[in-house]
Protein chains: 2
Amino acid sequence: MSLNCHSSKAELVDAQRQLVSEYNKLKSCNLNLDMSRGKPAASQLDLSNAILTAPITNYINCEGNDVRNYGILTGIKECRDLFGELLEINPDNIIIGGNSSLNLIYDAIARYFMFGKLGSTPWSKLDKVKFLCPVPGYDRHFAICEEFGFEMINVPMNENGPDMDMVENLVKNDSSIKGILCVPLYSNPNGVCYSDEVVTRLVSMKTAAADFTIIWDNAYGVHHVYKKTNLANIFTLAKKYNTEDRILYFFSTSKITFPGSGVALIASGDKSIAEIKKRFGVMTIGYNKVNQLKTYNFFKNAEGVLNHMKKLGEMLKEKFDIVLNKLDLEFSNSDFLTWEKPAGGYFISVNTLPECAKETVKLAKECGLILTNAGSTYPYGKDPLDSNIRIAPSYPTTDELKMAMEVFSVCVKLSAVNKLLENKGE
Amino acid sequence: MSLNCHSSKAELVDAQRQLVSEYNKLKSCNLNLDMSRGKPAASQLDLSNAILTAPITNYINCEGNDVRNYGILTGIKECRDLFGELLEINPDNIIIGGNSSLNLIYDAIARYFMFGKLGSTPWSKLDKVKFLCPVPGYDRHFAICEEFGFEMINVPMNENGPDMDMVENLVKNDSSIKGILCVPLYSNPNGVCYSDEVVTRLVSMKTAAADFTIIWDNAYGVHHVYKKTNLANIFTLAKKYNTEDRILYFFSTSKITFPGSGVALIASGDKSIAEIKKRFGVMTIGYNKVNQLKTYNFFKNAEGVLNHMKKLGEMLKEKFDIVLNKLDLEFSNSDFLTWEKPAGGYFISVNTLPECAKETVKLAKECGLILTNAGSTYPYGKDPLDSNIRIAPSYPTTDELKMAMEVFSVCVKLSAVNKLLENKGE
């Protein structure tokens with residue numbers, strides 16, 4: 001059955017009957033599966049259990065501080081060195097924060113909202129603050145902007161990153177545009193990797209706002225699955241244009257070790273990180289340094305992280321293969337669904353026919369499969385075409401995932417056929 | 001030598017000569033001791049090492065969630081139950097936060113600053129926000145108020161808590177007074193315990209500001225040293241007046257297990273905690289639940305915490321005894337120094353003669369003993385009398401502490417004698 005938008009009404013009616021029957025059969029399986037978030041599978045988490053179980057006998061870090069006690073606001077040196085090596089960032093420009101880079105992003109934006117950035121007017125005092133949002137993107141980034149009342153501007157995501165012509169034109173004239181939300185490698189959800197040219201343009205472009213900030217959420221910086229893609233070092237490029245303070249760089253081990261029980265970091269230029277350290281001194285007594293030491297003990301160096309990520313990448317590849325093979329099998333001869341094969345990251349982003357994403361997710365839900373809400377990959381939850389769906393294949397077992405993709409395929413087709421017949425006046 | 005304010009000039013000159021000689025002798029010992037913060041000693045930390053070393057094999061909590069993965073924004077149930085039992089708070093009104101109650105306080109105030117409380121005008125939009133600060137008090141509370149530009153109003157601390165006549169008079173007419181900073185049991189620094197009457201008046205008083213908030217930082221809630229003092233349950237009392245949402249209750253294990261690597265909590269009334277949970281959903285992916293489970297596994301229940309605190313209390317008692325015995329020995333017949341014996345907590349607060357605290361701390365520093373900065377127990381670092389000094393006896397060994405108190409006593413006397421002679425025109 002090779003259905004597409006040009007299938008005849010008779011073909012569609014025929015297909016609908018068959019799909020409804022398949023759908024009902026799947027429904028009777030009483031599936032109960034949540035694929036809504038990019039959660040690691042238990043088998044992935046098991047790879048890091050040694051962090052929790054390895055005996056710890058020495059609580060004194062390389063600088064002679066007892067990690068069990070107060071102090072060391074910016075994180076233990078060995079941890080800053082480790083991530084500095086991994087990400088090629090000067091450890092002095094890194095603060096090891098708590099357990100969540102999302103929280104570090106929220107806090108950073110909150111500080112600019114309350115106090116301004118390096119002497120600028122606090123964003124809370126401005127009539128209007130706007131953020132550029134490459135779309136589709138990460139729903140929790142958008143939720144933060146919405147919480148602060150920022151106006152979010154959709155910027156189309158191209159093959160090599162956001163549409164930089166549009167970005168440059170917007171930021172050069174509008175001083176109310178204060179930032180851009182970037183997941184530069186294997187972006188959430190569509191796996192786009194920012195090219196060197198895009199990164200260069202981001203750090204070199206003229207911005208009307210002196211406090212314009214690039215939220216550089218490198219969440220999947222070492223999450224290679226099919227091949228290793230290189231991301232330009234944004235700080236090295238920014239140095240040429242003296243714009244290092246424009247960058248707030250975030251990273252975490254949430255999807256390396258344990259989500260919520262790993263470590264996160266923020267990095268920035270000299271002036272900006274000095275400001276952040278000063279405000280951190282009021283905000284907290286410091287972060288969990290025992291966890292930092294345990295994380296360091298587990299990895300030792302950048303190579304340790306990369307070796308670990310190879311194992312995780314193999315586990316993810318098995319899941320990605322299941323999804324991509326099924327999509328190929330079901331839709332390579334159909335225009336009901338389009339997708340790109342990501343080289344890494346955590347997600348596979350697909351596009352249904354227009355006005356079919358919500359219906360697909362709804363049908364799946366009624367069949368016991370929870371997908372990420374349609375629309376959530378766009379600001380305000382509004383996908384203008386209602387076509388993007390984020391598939392998060394990591395959490396289910398391979399058997400569950402196969403079943404889920406069976407359900408998903410039927411739901412995509414059924415919603416497409418229903419929509420086409422509806423348009424034909426049925 | 002029983003010196004006091006009424007000693008003759010000859011006696012003072014004589015004493016000065018002798019004190020300078022003692023001081024110089026101590027200086028030549030090249031002491032290097034930091035008693036500036038209330039840091040636990042390594043021996044105290046060792047009592048909790050099992051949290052870090054106990055084998056953990058089961059990562060599934062009592063509700064069936066894998067603590068290594070995403071989820072459980074408000075903290076694992078067993079941990080909320082444990083602290084609910086310990087503090088007699090409904091676990092549904094508790095959120096287990098990160099590793100720092102100070103950070104939870106900062107965040108809570110930041111949220112009201114940015115978004116208001118339960119529909120009130122965001123504090124950032126007001127011309128003036130004032131906070132009541134019982135003095136002497138905790139420097140890091142004051143630092144938060146200063147960061148937000150709040151005007152801090154000193155309220156004298158009486159034997160049973162803040163001067164409630166003054167508090168009631170101020171809050172009933174001035175809607176710009178948005179809160180009061182309380183460490184209700186064994187207050188930092190002077191060990192005051194709020195009486196039932198004070199707590200009742202705090203929750204029953206009329207406040208011009210509907211969003212008036214009691215920052216109830218119960219940092220030393222189980223830190224009994226000489227005797228167990230009962231603190232009224234503020235939520236129980238507030239229930240009668242329907243003011244539970246006025247309370248933001250904070251607690252942490254920083255001074256129970258590991259500072260910076262423990263767990264902290266925030267609790268409030270139904271409406272207020274619901275608002276906080278909603279905002280937490282944007283702010284973070286959740287806190288470190290592995291650490292929560294390990295903390296729970298170590299204590300199991302309230303009794304486990306209380307037994308642990310008995311051991312810590314004995315350790316602290318040894319240190320407190322050294323300080324108090326030395327003060328008795330040196331100053332019981334002198335008016336150069338006054339102090340109260342606290343029943344628990346972490347500090348001993350002393351008052352020198354007026355205009356002698358800064359000089360005492362300076363002399364001590366030049367002798368290798370770092371004390372908490374004089375003035376830091378008052379808003380803006382300004383002690384109107386320049387007489388209060390916070391002694392934090394927990395960190396040094398007993399031998400170090402004895403030496404430190406030797407230095408301290410000489411410095412108090414020398415600064416007093418210098419001041420008296422200066423006043424006499426020498």
# chains A, B, ... in the order shown; residues from 1 in each chain; ligands from 1

$ interface_residues --of "chain A" --to "chain B" --cutoff "7 Å" --atoms "only C-alpha atoms" --output "short mmCIF file (atom, residue, chain, number, x, y, z; two decimals) with C-alpha atoms, in the first residue's frame"
data_model
loop_
_atom_site.label_atom_id
_atom_site.label_comp_id
_atom_site.auth_asym_id
_atom_site.auth_seq_id
_atom_site.Cartn_x
_atom_site.Cartn_y
_atom_site.Cartn_z
CA LYS A 39 14.89 9.77 29.18
CA THR A 53 29.15 2.36 44.16
CA PRO A 55 34.43 3.28 47.30
CA ILE A 56 35.42 6.81 48.19
CA ARG A 68 32.41 17.39 52.24
CA ASN A 69 32.60 20.87 53.72
CA TYR A 70 31.68 24.42 52.72
CA ASN A 99 22.66 19.03 38.69
CA SER A 100 20.79 20.70 35.86
CA LEU A 102 18.35 23.90 32.45
CA ASN A 103 18.41 25.34 35.96
CA TYR A 106 16.96 29.71 34.00
CA ALA A 143 8.93 27.53 28.71
CA ILE A 144 11.61 29.67 30.38
CA PHE A 258 22.42 10.41 35.61
CA PRO A 259 19.74 12.96 34.76
CA GLY A 260 19.24 15.05 37.85
CA SER A 261 22.16 13.48 39.67
CA VAL A 282 25.05 35.67 47.19
CA MET A 283 22.85 33.02 45.60
CA THR A 284 24.27 29.84 47.06
CA ILE A 285 26.77 28.33 49.45
CA GLY A 286 28.11 26.30 46.51
CA TYR A 287 27.16 23.09 44.77
CA ASN A 288 27.54 19.42 45.62
CA LYS A 289 31.30 18.87 45.52
CA VAL A 290 31.19 15.24 46.64
#

$ closest_residue --among "A:Ile177, A:Leu420, A:Leu86, A:Leu306" --to "Phe212 (chain A)" --atoms "only C-alpha atoms"
A:Ile177

$ residues_around --residues "Pro342 (chain A)" --least-positions-apart "5" --cutoff "8 Å" --atoms "only C-alpha atoms" --output "list of chain:residue names"
A:Tyr186, A:Asn190, A:Gly191, A:Val192, A:Tyr226, A:Phe347, A:Ile348

$ write_last_selection --atoms "N, CA and C atoms" --output "PDB file, in the first residue's frame"
ATOM      1  N   TYR A 186      23.641  18.365  17.200  1.00  0.00           N
ATOM      2  CA  TYR A 186      22.536  17.404  17.276  1.00  0.00           C
ATOM      3  C   TYR A 186      21.343  18.048  17.983  1.00  0.00           C
ATOM      4  N   ASN A 190      15.748  18.162  15.938  1.00  0.00           N
ATOM      5  CA  ASN A 190      15.991  17.629  14.586  1.00  0.00           C
ATOM      6  C   ASN A 190      17.450  17.317  14.253  1.00  0.00           C
ATOM      7  N   GLY A 191      18.323  17.343  15.263  1.00  0.00           N
ATOM      8  CA  GLY A 191      19.674  16.843  15.044  1.00  0.00           C
ATOM      9  C   GLY A 191      20.561  17.721  14.180  1.00  0.00           C
ATOM     10  N   VAL A 192      20.169  18.974  13.984  1.00  0.00           N
ATOM     11  CA  VAL A 192      20.982  19.881  13.170  1.00  0.00           C
ATOM     12  C   VAL A 192      22.289  20.216  13.889  1.00  0.00           C
ATOM     13  N   TYR A 226      25.793   8.044  14.943  1.00  0.00           N
ATOM     14  CA  TYR A 226      26.220   7.451  13.664  1.00  0.00           C
ATOM     15  C   TYR A 226      27.599   7.934  13.237  1.00  0.00           C
ATOM     16  N   PHE A 347      17.218  12.501  19.649  1.00  0.00           N
ATOM     17  CA  PHE A 347      15.868  12.523  19.093  1.00  0.00           C
ATOM     18  C   PHE A 347      15.858  12.303  17.584  1.00  0.00           C
ATOM     19  N   ILE A 348      14.688  11.904  17.117  1.00  0.00           N
ATOM     20  CA  ILE A 348      14.419  11.901  15.681  1.00  0.00           C
ATOM     21  C   ILE A 348      13.171  12.747  15.470  1.00  0.00           C
TER      22      ILE A 348
END

$ residues_around --residues "Leu316 (chain B)" --least-positions-apart "5" --cutoff "9 Å" --atoms "only C-alpha atoms" --output "ChimeraX atom specification"
/B:44,225,311,321,344-346,393-394

$ residues_around --residues "Ala374 (chain A)" --least-positions-apart "2" --cutoff "7 Å" --atoms "only C-alpha atoms" --output "count of residues only"
7

$ residues_around --residues "Gln16 (chain B)" --least-positions-apart "6" --cutoff "9 Å" --atoms "only C-alpha atoms" --output "JSON, numbers by chain"
{"B": [413, 414, 417, 418]}

$ decode --residues "region 3-18 of chain A" --atoms "N, CA and C atoms" --output "PDB file, in the first residue's frame"
ATOM      1  N   LEU A   3       0.624   4.769  -0.153  1.00  0.00           N
ATOM      2  CA  LEU A   3      -0.289   5.910  -0.114  1.00  0.00           C
ATOM      3  C   LEU A   3       0.478   7.215  -0.184  1.00  0.00           C
ATOM      4  N   ASN A   4      -0.153   8.210  -0.760  1.00  0.00           N
ATOM      5  CA  ASN A   4       0.400   9.555  -0.703  1.00  0.00           C
ATOM      6  C   ASN A   4      -0.709  10.583  -0.912  1.00  0.00           C
ATOM      7  N   CYS A   5      -0.329  11.821  -0.986  1.00  0.00           N
ATOM      8  CA  CYS A   5      -1.320  12.900  -1.055  1.00  0.00           C
ATOM      9  C   CYS A   5      -2.171  12.831  -2.319  1.00  0.00           C
ATOM     10  N   HIS A   6      -1.632  12.157  -3.332  1.00  0.00           N
ATOM     11  CA  HIS A   6      -2.359  12.117  -4.600  1.00  0.00           C
ATOM     12  C   HIS A   6      -3.148  10.829  -4.764  1.00  0.00           C
ATOM     13  N   SER A   7      -3.190  10.030  -3.717  1.00  0.00           N
ATOM     14  CA  SER A   7      -3.986   8.804  -3.802  1.00  0.00           C
ATOM     15  C   SER A   7      -5.445   9.168  -4.059  1.00  0.00           C
ATOM     16  N   SER A   8      -6.118   8.300  -4.783  1.00  0.00           N
ATOM     17  CA  SER A   8      -7.528   8.570  -5.110  1.00  0.00           C
ATOM     18  C   SER A   8      -8.400   8.392  -3.886  1.00  0.00           C
ATOM     19  N   LYS A   9      -9.572   8.935  -3.961  1.00  0.00           N
ATOM     20  CA  LYS A   9     -10.521   8.810  -2.860  1.00  0.00           C
ATOM     21  C   LYS A   9     -10.811   7.340  -2.565  1.00  0.00           C
ATOM     22  N   ALA A  10     -10.964   6.575  -3.596  1.00  0.00           N
ATOM     23  CA  ALA A  10     -11.262   5.148  -3.415  1.00  0.00           C
ATOM     24  C   ALA A  10     -10.120   4.452  -2.677  1.00  0.00           C
ATOM     25  N   GLU A  11      -8.881   4.770  -3.099  1.00  0.00           N
ATOM     26  CA  GLU A  11      -7.723   4.178  -2.420  1.00  0.00           C
ATOM     27  C   GLU A  11      -7.699   4.566  -0.946  1.00  0.00           C
ATOM     28  N   LEU A  12      -8.024   5.852  -0.708  1.00  0.00           N
ATOM     29  CA  LEU A  12      -7.979   6.347   0.673  1.00  0.00           C
ATOM     30  C   LEU A  12      -9.051   5.688   1.531  1.00  0.00           C
ATOM     31  N   VAL A  13     -10.255   5.564   0.972  1.00  0.00           N
ATOM     32  CA  VAL A  13     -11.344   4.931   1.729  1.00  0.00           C
ATOM     33  C   VAL A  13     -10.987   3.490   2.054  1.00  0.00           C
ATOM     34  N   ASP A  14     -10.410   2.835   1.085  1.00  0.00           N
ATOM     35  CA  ASP A  14      -9.970   1.460   1.268  1.00  0.00           C
ATOM     36  C   ASP A  14      -8.905   1.377   2.370  1.00  0.00           C
ATOM     37  N   ALA A  15      -7.944   2.279   2.260  1.00  0.00           N
ATOM     38  CA  ALA A  15      -6.843   2.305   3.239  1.00  0.00           C
ATOM     39  C   ALA A  15      -7.370   2.622   4.629  1.00  0.00           C
ATOM     40  N   GLN A  16      -8.299   3.540   4.683  1.00  0.00           N
ATOM     41  CA  GLN A  16      -8.845   3.932   5.984  1.00  0.00           C
ATOM     42  C   GLN A  16      -9.441   2.727   6.705  1.00  0.00           C
ATOM     43  N   ARG A  17     -10.224   1.951   5.955  1.00  0.00           N
ATOM     44  CA  ARG A  17     -10.864   0.773   6.538  1.00  0.00           C
ATOM     45  C   ARG A  17      -9.800  -0.167   7.114  1.00  0.00           C
ATOM     46  N   GLN A  18      -8.778  -0.392   6.291  1.00  0.00           N
ATOM     47  CA  GLN A  18      -7.712  -1.302   6.718  1.00  0.00           C
ATOM     48  C   GLN A  18      -6.949  -0.759   7.931  1.00  0.00           C
TER      49      GLN A  18
END
